[in-house]
Amino acid sequence: MNPTAPAPTTWLSTRNPWILALLLAVLGAVLQLGLPWWSAVVLAFGLCFGQAQSGKAGFLAGFVGLGLSWLVPAAWLAFQNNGLLAHRVAQLLPLGGSVPVLVLVTTLIIGLAGGLAGLAGRWVREAIAPARAAR
């Protein structure tokens with residue numbers, strides 16, 4: 001094997017963070033069906049540890065992926081029951097009882113958690129195996 005040859009690539013190891021975000025959105029939504037919400041954050045850390053090309057790509061993939069994995073089910077559930085429970089929760093918070101604002105605020109929170117987990121995953125990978133200096 002030629003040591004100067006580039007490493008083989010897979011369908012996931014691409015420079016496009018949107019593929020990673022889509023994978024995080026789907027797997028995060030599936031995980032959240034039976035596990036706590038923060039299990040998707042662990043998923044974002046792991047996937048970005050292995051696949052993110054940069055810290056920026058890791059943050060973007062984690063933020064968008066986990067944000068979507070929360071936004072779609074939360075909006076759907078609020079719509080299905082006319083926002084009864086979400087309205088009561090929104091009344092407890094300083095949101096004026098607004099269900100759409102509650103959904104957006106919680107989406108931003110999990111998006112930030114996912115983005116920071118993706119960034120941390122990439123940074124841990126760089127700390128463990130730093131890239132070789134250009135010669």
# chains A, B, ... in the order shown; residues from 1 in each chain; ligands from 1

call {"tool": "residues_around", "arguments": {"residues": "Gly121 (chain A)", "least_positions_apart": "2", "cutoff": "12 Å", "atoms": "only C-alpha atoms", "output": "number ranges by chain"}}
result
A: 41-59, 61-62, 114-119, 123-128

call {"tool": "residues_around", "arguments": {"residues": "Ala25 (chain A)", "least_positions_apart": "2", "cutoff": "12 Å", "atoms": "only C-alpha atoms", "output": "PyMOL selection string"}}
result
chain A and resi 18-23+27-32+40-41+43-44+47+61-73+110-111+114

call {"tool": "select_by_dssp", "arguments": {"residues": "chain A", "states": "helix (DSSP H, G or I)", "output": "short mmCIF file (atom, residue, chain, number, x, y, z; two decimals) with C-alpha atoms, in the first residue's frame"}}
result
data_model
loop_
_atom_site.label_atom_id
_atom_site.label_comp_id
_atom_site.auth_asym_id
_atom_site.auth_seq_id
_atom_site.Cartn_x
_atom_site.Cartn_y
_atom_site.Cartn_z
CA PRO A 17 -21.73 19.01 6.24
CA TRP A 18 -25.36 18.86 5.05
CA ILE A 19 -25.14 15.08 4.60
CA LEU A 20 -23.93 14.77 8.19
CA ALA A 21 -26.72 17.12 9.33
CA LEU A 22 -29.34 15.01 7.56
CA LEU A 23 -27.96 11.85 9.15
CA LEU A 24 -28.00 13.52 12.57
CA ALA A 25 -31.59 14.69 12.03
CA VAL A 26 -32.84 11.22 11.16
CA LEU A 27 -30.87 9.29 13.78
CA GLY A 28 -31.52 11.96 16.42
CA ALA A 29 -35.27 11.77 15.86
CA VAL A 30 -35.18 7.98 16.10
CA LEU A 31 -33.11 8.09 19.31
CA GLN A 32 -35.47 10.59 20.92
CA LEU A 33 -38.41 8.22 20.47
CA GLY A 34 -37.20 5.96 23.27
CA SER A 39 -28.96 11.07 23.86
CA ALA A 40 -29.04 12.86 20.50
CA VAL A 41 -26.33 15.21 21.81
CA VAL A 42 -24.09 12.19 22.47
CA LEU A 43 -24.85 11.04 18.92
CA ALA A 44 -23.79 14.44 17.53
CA PHE A 45 -20.52 14.25 19.46
CA GLY A 46 -19.77 10.76 18.16
CA LEU A 47 -20.65 11.36 14.53
CA CYS A 48 -18.80 14.67 14.36
CA PHE A 49 -15.82 13.09 16.09
CA GLY A 50 -15.59 10.60 13.28
CA GLN A 51 -16.84 12.51 10.26
CA GLY A 55 -15.00 22.60 13.71
CA LYS A 56 -17.30 24.85 11.70
CA ALA A 57 -18.73 21.86 9.82
CA GLY A 58 -19.21 19.98 13.10
CA PHE A 59 -21.07 22.88 14.70
CA LEU A 60 -23.22 23.44 11.62
CA ALA A 61 -24.11 19.76 11.26
CA GLY A 62 -24.91 19.39 14.96
CA PHE A 63 -26.99 22.58 15.12
CA VAL A 64 -29.02 21.93 11.98
CA GLY A 65 -29.32 18.16 12.46
CA LEU A 66 -30.46 18.14 16.06
CA GLY A 67 -32.48 21.30 15.59
CA LEU A 68 -34.49 19.62 12.86
CA SER A 69 -34.76 16.40 14.86
CA TRP A 70 -36.49 18.43 17.57
CA LEU A 71 -38.40 21.00 15.50
CA VAL A 72 -40.33 18.61 13.30
CA PRO A 73 -41.73 16.31 16.03
CA ALA A 74 -42.35 19.20 18.47
CA ALA A 75 -44.28 21.21 15.88
CA TRP A 76 -46.21 18.14 14.75
CA LEU A 77 -47.18 17.18 18.31
CA ALA A 78 -48.21 20.74 19.13
CA PHE A 79 -50.34 20.84 15.99
CA GLN A 80 -51.96 17.46 16.65
CA LEU A 84 -52.88 22.26 24.79
CA LEU A 85 -49.88 20.99 26.76
CA ALA A 86 -47.40 23.26 24.99
CA HIS A 87 -49.60 26.27 25.79
CA ARG A 88 -49.56 25.39 29.49
CA VAL A 89 -45.78 25.00 29.45
CA ALA A 90 -45.42 28.30 27.57
CA GLN A 91 -47.50 29.98 30.28
CA LEU A 92 -45.01 28.82 32.92
CA VAL A 99 -46.77 27.75 21.45
CA PRO A 100 -44.76 28.66 18.31
CA VAL A 101 -42.30 30.66 20.42
CA LEU A 102 -41.94 27.72 22.81
CA VAL A 103 -41.21 25.37 19.92
CA LEU A 104 -38.64 27.79 18.47
CA VAL A 105 -36.92 28.43 21.81
CA THR A 106 -36.62 24.72 22.59
CA THR A 107 -35.37 24.10 19.03
CA LEU A 108 -32.66 26.73 19.50
CA ILE A 109 -31.64 25.17 22.82
CA ILE A 110 -31.21 21.67 21.42
CA GLY A 111 -29.64 23.11 18.28
CA LEU A 112 -27.01 24.88 20.37
CA ALA A 113 -26.44 21.74 22.43
CA GLY A 114 -26.01 19.69 19.24
CA GLY A 115 -23.78 22.29 17.63
CA LEU A 116 -21.52 22.52 20.65
CA ALA A 117 -21.39 18.72 20.88
CA GLY A 118 -20.42 18.51 17.20
CA LEU A 119 -17.74 21.16 17.68
CA ALA A 120 -16.43 19.38 20.77
CA GLY A 121 -16.36 16.07 18.90
CA ARG A 122 -14.23 17.53 16.14
CA TRP A 123 -11.94 19.31 18.60
CA VAL A 124 -11.43 16.12 20.63
CA ARG A 125 -10.50 14.31 17.42
CA GLU A 126 -7.96 17.03 16.62
CA ALA A 127 -6.55 16.83 20.16
CA ILE A 128 -6.17 13.05 20.03
#
